[in-house]
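Pasting start-v6.txt here (compact mmCIF, C-alpha atoms and all ligand atoms):
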# COMPACT_ATOMS: atom_id res chain seq x y z
CA MET V 284 -73.32 7.78 85.26
CA SER V 285 -75.07 10.92 84.04
CA ARG V 286 -72.69 13.43 82.45
CA SER V 287 -73.02 17.02 81.30
CA VAL V 288 -73.05 16.94 77.50
CA PHE V 289 -73.06 19.88 75.08
CA ILE V 290 -73.58 19.57 71.32
CA THR V 291 -73.35 22.54 68.95
CA GLY V 292 -75.84 22.74 66.09
CA GLY V 293 -78.06 20.35 68.00
CA ASN V 294 -81.45 21.54 66.86
CA ARG V 295 -81.60 19.36 63.73
CA GLY V 296 -79.76 16.80 61.63
CA LEU V 297 -76.85 14.88 63.09
CA GLY V 298 -76.61 17.09 66.17
CA LEU V 299 -80.18 16.36 67.17
CA ALA V 300 -79.78 12.62 66.62
CA ILE V 301 -76.62 12.65 68.77
CA ALA V 302 -78.40 14.65 71.47
CA ARG V 303 -81.34 12.25 71.56
CA ALA V 304 -79.05 9.19 71.68
CA MET V 305 -77.09 10.57 74.60
CA ALA V 306 -80.17 11.77 76.47
CA ALA V 307 -81.59 8.24 76.10
CA ASP V 308 -78.49 7.01 77.96
CA GLY V 309 -79.38 9.26 80.88
CA ASP V 310 -76.88 12.03 80.24
CA ARG V 311 -77.77 15.67 80.91
CA VAL V 312 -77.77 17.04 77.39
CA ALA V 313 -77.69 20.64 76.21
CA VAL V 314 -77.98 21.57 72.55
CA GLY V 315 -76.66 24.73 70.97
CA TYR V 316 -79.05 26.29 68.48
CA ARG V 317 -78.33 29.26 66.26
CA THR V 318 -81.74 29.98 64.75
CA GLY V 319 -85.30 28.89 65.43
CA GLU V 320 -86.32 27.09 68.59
CA PRO V 321 -84.54 24.42 70.64
CA PRO V 322 -85.88 20.91 70.12
CA GLU V 323 -88.67 19.65 72.35
CA GLY V 324 -87.54 18.00 75.56
CA LEU V 325 -83.90 19.12 75.44
CA PHE V 326 -82.21 22.03 77.17
CA GLY V 327 -81.29 24.55 74.48
CA VAL V 328 -78.87 27.45 74.56
CA ARG V 329 -78.29 29.95 71.81
CA CYS V 330 -74.82 29.40 70.42
CA GLU V 331 -73.41 31.02 67.31
CA VAL V 332 -69.96 29.46 66.97
CA THR V 333 -68.56 32.36 64.94
CA ASP V 334 -69.28 34.75 67.82
CA PRO V 335 -66.89 34.47 70.83
CA GLU V 336 -69.35 36.18 73.16
CA SER V 337 -72.18 33.85 72.18
CA VAL V 338 -69.92 30.83 72.78
CA ALA V 339 -68.86 32.09 76.21
CA GLN V 340 -72.48 32.77 77.23
CA ALA V 341 -73.61 29.38 75.98
CA PHE V 342 -71.02 27.44 78.00
CA LYS V 343 -71.89 29.54 81.06
CA ALA V 344 -75.58 28.75 80.68
CA VAL V 345 -74.89 25.03 80.24
CA ALA V 346 -72.67 24.94 83.34
CA GLU V 347 -75.35 26.68 85.41
CA GLU V 348 -78.07 24.32 84.22
CA GLN V 349 -76.31 20.94 84.32
CA GLY V 350 -72.71 21.39 85.48
CA ALA V 351 -69.45 22.00 83.61
CA VAL V 352 -69.33 20.27 80.24
CA GLU V 353 -67.82 16.77 80.46
CA VAL V 354 -68.63 15.67 76.93
CA PHE V 355 -68.42 18.10 74.05
CA VAL V 356 -69.50 17.38 70.48
CA ALA V 357 -68.47 20.00 67.89
CA ASN V 358 -71.15 19.37 65.31
CA ALA V 359 -72.22 22.76 63.92
CA GLY V 360 -71.15 23.12 60.32
CA ILE V 361 -72.03 24.54 56.93
CA THR V 362 -71.34 23.99 53.26
CA ARG V 363 -70.97 26.72 50.64
CA ASP V 364 -70.02 24.69 47.59
CA THR V 365 -68.67 26.10 44.37
CA LEU V 366 -65.67 25.47 42.14
CA MET V 367 -62.54 27.21 43.35
CA LEU V 368 -62.20 29.65 40.47
CA ARG V 369 -65.69 30.93 41.26
CA MET V 370 -65.16 30.95 45.05
CA ASP V 371 -64.39 34.37 46.44
CA ASP V 372 -62.45 34.91 49.66
CA ALA V 373 -65.59 35.61 51.67
CA VAL V 374 -67.14 32.22 50.86
CA PHE V 375 -63.90 30.41 51.63
CA GLU V 376 -63.52 32.28 54.90
CA GLU V 377 -67.13 31.82 55.97
CA VAL V 378 -66.76 28.04 55.88
CA LEU V 379 -63.38 28.11 57.61
CA GLU V 380 -64.75 30.47 60.26
CA THR V 381 -67.65 28.15 61.11
CA ASN V 382 -66.19 24.70 60.50
CA LEU V 383 -62.64 25.21 61.78
CA VAL V 384 -62.27 28.41 63.81
CA GLY V 385 -65.71 27.82 65.38
CA VAL V 386 -64.60 24.36 66.45
CA PHE V 387 -61.31 25.68 67.86
CA ARG V 388 -63.20 28.36 69.81
CA THR V 389 -65.77 26.00 71.32
CA VAL V 390 -63.31 23.20 72.04
CA ARG V 391 -60.99 25.64 73.81
CA THR V 392 -63.84 26.65 76.10
CA ALA V 393 -64.91 23.06 76.71
CA ALA V 394 -61.37 21.88 77.37
CA ALA V 395 -60.74 24.39 80.15
CA GLY V 396 -63.33 22.73 82.37
CA MET V 397 -62.23 19.22 81.39
CA LEU V 398 -58.60 19.97 82.31
CA ALA V 399 -59.73 21.09 85.74
CA ALA V 400 -61.89 17.98 86.16
CA ARG V 401 -59.10 15.76 84.80
CA ARG V 402 -61.47 13.93 82.48
CA GLY V 403 -63.55 14.56 79.42
CA ARG V 404 -64.56 13.51 75.94
CA ILE V 405 -64.34 15.66 72.82
CA VAL V 406 -65.76 14.49 69.50
CA LEU V 407 -65.43 16.55 66.31
CA LEU V 408 -67.62 16.09 63.24
CA SER V 409 -65.28 15.90 60.26
CA SER V 410 -66.11 14.47 56.82
CA ALA V 411 -64.99 11.43 54.85
CA LEU V 412 -65.42 13.36 51.58
CA GLY V 413 -63.20 16.06 53.03
CA PHE V 414 -60.36 13.54 53.29
CA LEU V 415 -61.00 12.16 49.80
CA GLY V 416 -61.33 15.61 48.26
CA SER V 417 -64.51 16.72 46.59
CA PRO V 418 -65.06 19.09 43.65
CA GLY V 419 -66.63 22.35 44.76
CA GLN V 420 -65.59 21.82 48.35
CA THR V 421 -62.11 23.31 48.69
CA ASN V 422 -63.35 25.40 51.61
CA TYR V 423 -65.24 22.57 53.34
CA ALA V 424 -62.51 19.96 52.81
CA ALA V 425 -59.79 22.32 54.05
CA ALA V 426 -61.77 22.95 57.22
CA LYS V 427 -62.81 19.35 57.84
CA THR V 428 -59.30 17.94 57.37
CA GLY V 429 -57.88 20.85 59.36
CA LEU V 430 -59.78 19.39 62.30
CA LEU V 431 -57.42 16.42 62.24
CA GLY V 432 -54.35 18.54 63.02
CA LEU V 433 -56.31 20.38 65.66
CA ALA V 434 -57.49 17.14 67.26
CA ARG V 435 -54.15 15.35 67.21
CA SER V 436 -52.37 18.31 68.75
CA LEU V 437 -55.02 18.40 71.45
CA VAL V 438 -54.53 14.70 72.06
CA TRP V 439 -51.04 15.63 73.28
CA GLU V 440 -52.14 18.73 75.16
CA LEU V 441 -55.04 17.07 77.00
CA GLY V 442 -54.14 13.39 77.18
CA ALA V 443 -52.27 13.48 80.47
CA ARG V 444 -55.42 14.86 82.08
CA GLY V 445 -57.61 12.03 80.89
CA VAL V 446 -59.33 13.90 78.07
CA THR V 447 -59.82 12.11 74.73
CA VAL V 448 -60.27 13.81 71.35
CA ASN V 449 -61.58 11.96 68.32
CA LEU V 450 -62.96 12.68 64.85
CA VAL V 451 -66.03 11.10 63.31
CA ALA V 452 -65.95 11.31 59.54
CA PRO V 453 -69.44 10.73 58.14
CA GLY V 454 -69.78 9.88 54.48
CA ILE V 455 -73.05 11.00 52.93
CA ILE V 456 -75.85 11.15 55.43
CA ASP V 457 -79.52 11.92 54.87
CA THR V 458 -79.96 15.36 56.49
CA ASP V 459 -80.92 18.86 55.32
CA MET V 460 -77.29 19.31 54.26
CA THR V 461 -77.55 16.61 51.57
CA ARG V 462 -81.26 16.99 50.78
CA VAL V 463 -80.45 20.25 48.97
CA LEU V 464 -78.41 18.32 46.39
CA SER V 465 -80.04 17.69 43.02
CA ASP V 466 -81.50 14.22 42.34
CA LYS V 467 -78.75 13.74 39.74
CA ARG V 468 -76.01 14.57 42.24
CA GLN V 469 -77.60 12.34 44.90
CA ALA V 470 -77.74 9.45 42.42
CA SER V 471 -74.09 9.91 41.40
CA LEU V 472 -73.03 10.09 45.04
CA THR V 473 -74.94 6.86 45.81
CA GLU V 474 -72.90 5.13 43.09
CA MET V 475 -69.73 6.05 45.04
CA ILE V 476 -70.92 4.32 48.23
CA PRO V 477 -70.14 0.61 48.59
CA LEU V 478 -73.32 0.10 50.64
CA ARG V 479 -75.25 1.96 47.87
CA ARG V 480 -77.27 4.19 50.19
CA PHE V 481 -76.95 7.35 52.24
CA GLY V 482 -76.44 6.83 55.96
CA SER V 483 -78.93 7.88 58.62
CA ALA V 484 -78.34 10.41 61.36
CA ASP V 485 -78.90 7.65 63.92
CA GLU V 486 -76.06 5.60 62.41
CA VAL V 487 -73.67 8.51 62.96
CA ALA V 488 -75.06 9.19 66.44
CA ALA V 489 -74.31 5.60 67.49
CA VAL V 490 -70.59 6.08 66.73
CA VAL V 491 -70.39 9.47 68.44
CA ARG V 492 -72.12 7.96 71.47
CA PHE V 493 -69.49 5.20 71.62
CA LEU V 494 -66.54 7.60 71.33
CA ALA V 495 -68.10 9.85 73.96
CA GLY V 496 -68.76 6.93 76.28
CA GLU V 497 -66.86 5.54 79.23
CA SER V 498 -65.92 2.38 77.35
CA ALA V 499 -63.92 4.34 74.73
CA GLY V 500 -61.46 5.56 77.34
CA TYR V 501 -58.39 4.31 75.45
CA VAL V 502 -59.42 5.68 72.03
CA THR V 503 -57.96 9.08 71.26
CA GLY V 504 -56.70 10.76 68.10
CA ALA V 505 -58.78 8.41 65.95
CA VAL V 506 -60.65 9.19 62.76
CA VAL V 507 -63.69 6.95 62.50
CA PRO V 508 -65.38 6.87 59.09
CA VAL V 509 -69.14 6.32 59.08
CA GLY V 510 -69.60 6.19 55.37
CA GLY V 511 -70.98 2.86 54.19
CA GLY V 512 -67.49 2.15 52.85
CA ILE V 513 -66.60 5.71 51.86
CA GLY V 514 -63.47 6.59 53.74
CA MET V 515 -62.34 3.04 54.46
CA GLY V 516 -58.60 2.90 54.93
CA MET V 517 -58.32 6.53 55.99
P1 LIG Q 601 -77.40 20.38 58.93
O1 LIG Q 601 -77.21 21.39 57.85
O2 LIG Q 601 -78.61 19.51 58.92
O3 LIG Q 601 -77.32 21.10 60.37
C1 LIG Q 601 -76.24 21.95 60.66
C2 LIG Q 601 -76.38 22.44 62.07
O4 LIG Q 601 -75.27 23.32 62.34
C3 LIG Q 601 -77.64 23.27 62.29
O5 LIG Q 601 -78.11 23.04 63.59
C4 LIG Q 601 -77.14 24.69 62.13
O6 LIG Q 601 -77.93 25.66 62.78
C5 LIG Q 601 -75.78 24.57 62.80
N1 LIG Q 601 -74.92 25.68 62.45
C6 LIG Q 601 -74.48 26.05 61.23
N2 LIG Q 601 -73.70 27.15 61.32
C7 LIG Q 601 -73.65 27.47 62.63
C8 LIG Q 601 -73.02 28.50 63.36
N3 LIG Q 601 -72.27 29.44 62.76
N4 LIG Q 601 -73.17 28.52 64.70
C9 LIG Q 601 -73.91 27.59 65.32
N5 LIG Q 601 -74.57 26.60 64.70
C10 LIG Q 601 -74.43 26.55 63.35
O7 LIG Q 601 -76.07 19.51 58.89
P2 LIG Q 601 -75.82 17.99 59.32
O8 LIG Q 601 -76.61 17.66 60.51
O9 LIG Q 601 -75.92 17.16 58.11
O10 LIG Q 601 -74.26 18.07 59.67
C11 LIG Q 601 -73.77 18.16 61.00
C12 LIG Q 601 -72.25 18.10 60.95
O11 LIG Q 601 -71.84 16.90 60.31
C13 LIG Q 601 -71.64 19.25 60.15
O12 LIG Q 601 -70.45 19.67 60.76
C14 LIG Q 601 -71.36 18.61 58.80
O13 LIG Q 601 -70.33 19.26 58.12
C15 LIG Q 601 -70.99 17.20 59.22
N6 LIG Q 601 -71.15 16.24 58.15
C16 LIG Q 601 -72.38 16.01 57.57
C17 LIG Q 601 -72.50 15.10 56.53
C18 LIG Q 601 -73.79 14.81 55.85
O14 LIG Q 601 -73.78 14.09 54.84
N7 LIG Q 601 -74.94 15.30 56.32
C19 LIG Q 601 -71.32 14.38 56.02
C20 LIG Q 601 -70.09 14.71 56.71
C21 LIG Q 601 -70.03 15.58 57.73
P3 LIG Q 601 -79.19 26.37 62.05
O15 LIG Q 601 -80.34 25.44 62.23
O16 LIG Q 601 -79.32 27.67 62.75
O17 LIG Q 601 -78.79 26.54 60.60
I need this file expressed as structure tokens, please.
Amino acid sequence: MSRSVFITGGNRGLGLAIARAMAADGDRVAVGYRTGEPPEGLFGVRCEVTDPESVAQAFKAVAEEQGAVEVFVANAGITRDTLMLRMDDAVFEEVLETNLVGVFRTVRTAAAGMLAARRGRIVLLSSALGFLGSPGQTNYAAAKTGLLGLARSLVWELGARGVTVNLVAPGIIDTDMTRVLSDKRQASLTEMIPLRRFGSADEVAAVVRFLAGESAGYVTGAVVPVGGGIGMGM
């Protein structure tokens, strides 16, 4: 069955891999893009998650093009790493505003339609390192673990209407986000991974696709690590 899917930050990295995986299944897929151009072959809508008006317009455009959103993937995210004593309020708040408030804002919009339809799938991109704690990432870890409280409260608010909410917690995945790290940092991170390699965007997309699929109907409130062993036992 073809469903209306919307993925924020879908023009590159994990979001694009998720979009392509779900489009390959026959879903009607829209990707939110903030800068640049939408990816070839996918319906793109401008969506800046820190801007309520942009979010409202994006969901409206998606509904007009392919119907109300039935599957929502909150993927857009940023890092602004630095040790806490050097992190000013603005840098802390910028990450919280995108990675936590932006998710709340988009999920709230998505959930309204799902409640009316009495079904839906919501998947949030969290982070295994966020749960473990990571030096230089007080802002990022606070936001990414904050998603758990958000999700599990929503499980209660939306469950009776057939809407599931789950977290995917990638470990260290080869995307632009990790390519900016120095070779030394990449090598030390690889040492922390039992499988001794970074994951691929497609390996994360496969898990999101499962959680967003019909067959995951009884999975809600879960945190699924995709970390090559990082995050096991969470
Ligand atoms: P990328 O940096 O490759 O891509 C991030 C995407 O988010 C881009 O499309 C970017 O848009 C978009 N984005 C950023 N800020 C905003 C905003 N304010 N409004 C709308 N879109 C925005 O990251 P990844 O693909 O690696 O990461 C995707 C998600 O997975 C993130 O939430 C990240 O935290 C999470 N994650 C990633 C891991 C990794 O190792 N890569 C590990 C754990 C979690 P633009 O192109 O305009 O910048």
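Take the candidates V:Arg479, V:Arg295, V:Arg492, V:Arg435 and check each one against Ala307 in chain V using all atoms listed in the file; the shortest distance goes to V:Arg492.
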**Message:** Please return as a VMD selection string every residue within 9 Å of (-56.9, 10.2, 70.5), taking into account only C-alpha atoms and the file's own coordinates.
**Reply:** chain V and resid 434 to 435 437 to 439 442 446 to 450 501 to 506
Could you write out as lines of an AutoDock Vina configuration file the box around range 304-309 of chain V (axis-aligned, all atoms listed in the file, 8 Å on each side), with centre and edge lengths in Å to one decimal?
center_x = -79.3
center_y = 9.4
center_z = 76.3
size_x = 20.5
size_y = 20.8
size_z = 25.2
Please report, as CSV, each residue of chain V lying at most 7 Å from ligand LIG 601 (chain Q), together with the nearest pair of atoms and the separation in Å rounded to one decimal; use all atoms listed in the file, and order rows by chain and ascending residue number.
residue,atom,partner,partner_atom,distance
V:Thr291,CA,Q:LIG601,N5,6.0
V:Gly292,CA,Q:LIG601,O5,3.4
V:Gly293,CA,Q:LIG601,O5,5.2
V:Asn294,CA,Q:LIG601,O5,4.9
V:Arg295,CA,Q:LIG601,O5,5.1
V:Gly296,CA,Q:LIG601,O8,3.5
V:Leu297,CA,Q:LIG601,O8,3.8
V:Gly298,CA,Q:LIG601,O8,5.7
V:Gly315,CA,Q:LIG601,N5,6.9
V:Tyr316,CA,Q:LIG601,O6,5.8
V:Arg317,CA,Q:LIG601,O16,4.0
V:Thr318,CA,Q:LIG601,O16,3.9
V:Gly319,CA,Q:LIG601,O16,6.7
V:Cys330,CA,Q:LIG601,C9,5.5
V:Glu331,CA,Q:LIG601,N4,3.6
V:Val332,CA,Q:LIG601,N4,4.0
V:Thr333,CA,Q:LIG601,N3,5.2
V:Asn358,CA,Q:LIG601,O12,4.6
V:Ala359,CA,Q:LIG601,O4,3.5
V:Gly360,CA,Q:LIG601,O12,3.5
V:Ile361,CA,Q:LIG601,C6,5.2
V:Thr362,CA,Q:LIG601,O13,6.9
V:Thr381,CA,Q:LIG601,N3,5.1
V:Asn382,CA,Q:LIG601,O12,6.6
V:Leu408,CA,Q:LIG601,O12,5.2
V:Ser409,CA,Q:LIG601,C21,5.4
V:Ser410,CA,Q:LIG601,C20,4.0
V:Ala411,CA,Q:LIG601,C20,6.3
V:Ala452,CA,Q:LIG601,C20,6.1
V:Pro453,CA,Q:LIG601,C20,4.3
V:Gly454,CA,Q:LIG601,C19,5.0
V:Ile455,CA,Q:LIG601,O14,3.7
V:Ile456,CA,Q:LIG601,O14,3.6
V:Asp457,CA,Q:LIG601,N7,5.9
V:Thr458,CA,Q:LIG601,O9,4.7
V:Asp459,CA,Q:LIG601,O2,4.3
V:Met460,CA,Q:LIG601,O1,4.1
V:Thr461,CA,Q:LIG601,N7,5.6
Min atom-atom distance to Ile405 in chain V from the set V:Pro477, V:Gln340, V:Leu464, V:Gly496, counting all atoms listed in the file, belongs to V:Gly496
Among listed residues V:Ala470, V:Ala346, V:Val354, V:Val509, nearest Ala484 in chain V (using only C-alpha atoms):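 Of all the options, V:Val509 lies closest to Ala484 in chain V.
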message = Give me the residues near Val356 in chain V as a ChimeraX atom specification, where near means some atom within 6 Å (using only C-alpha atoms) and where sequence neighbours in that chain fewer than 5 positions away do not count.
response = /V:290,405-407
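Minimum atom-to-atom distances from V:Phe414, V:Phe387, V:Phe481, V:Tyr423 to Leu366 in chain V were compared using all atoms listed in the file, and the lowest value belongs to V:Tyr423.
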Which is closer to Asp372 in chain V than all the others in V:Thr421, V:Met515, V:Glu497, V:Ala399, using all atoms listed in the file?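 Once distances to Asp372 in chain V are computed over all atoms listed in the file, the minimum belongs to V:Thr421.
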| task | Grab the CA of Val451 in chain V to CA of Lys427 in chain V distance for me, in Å with one decimal place. | result |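 Atom-to-atom, CA of Val451 in chain V and CA of Lys427 in chain V are spaced 10.4 Å apart.
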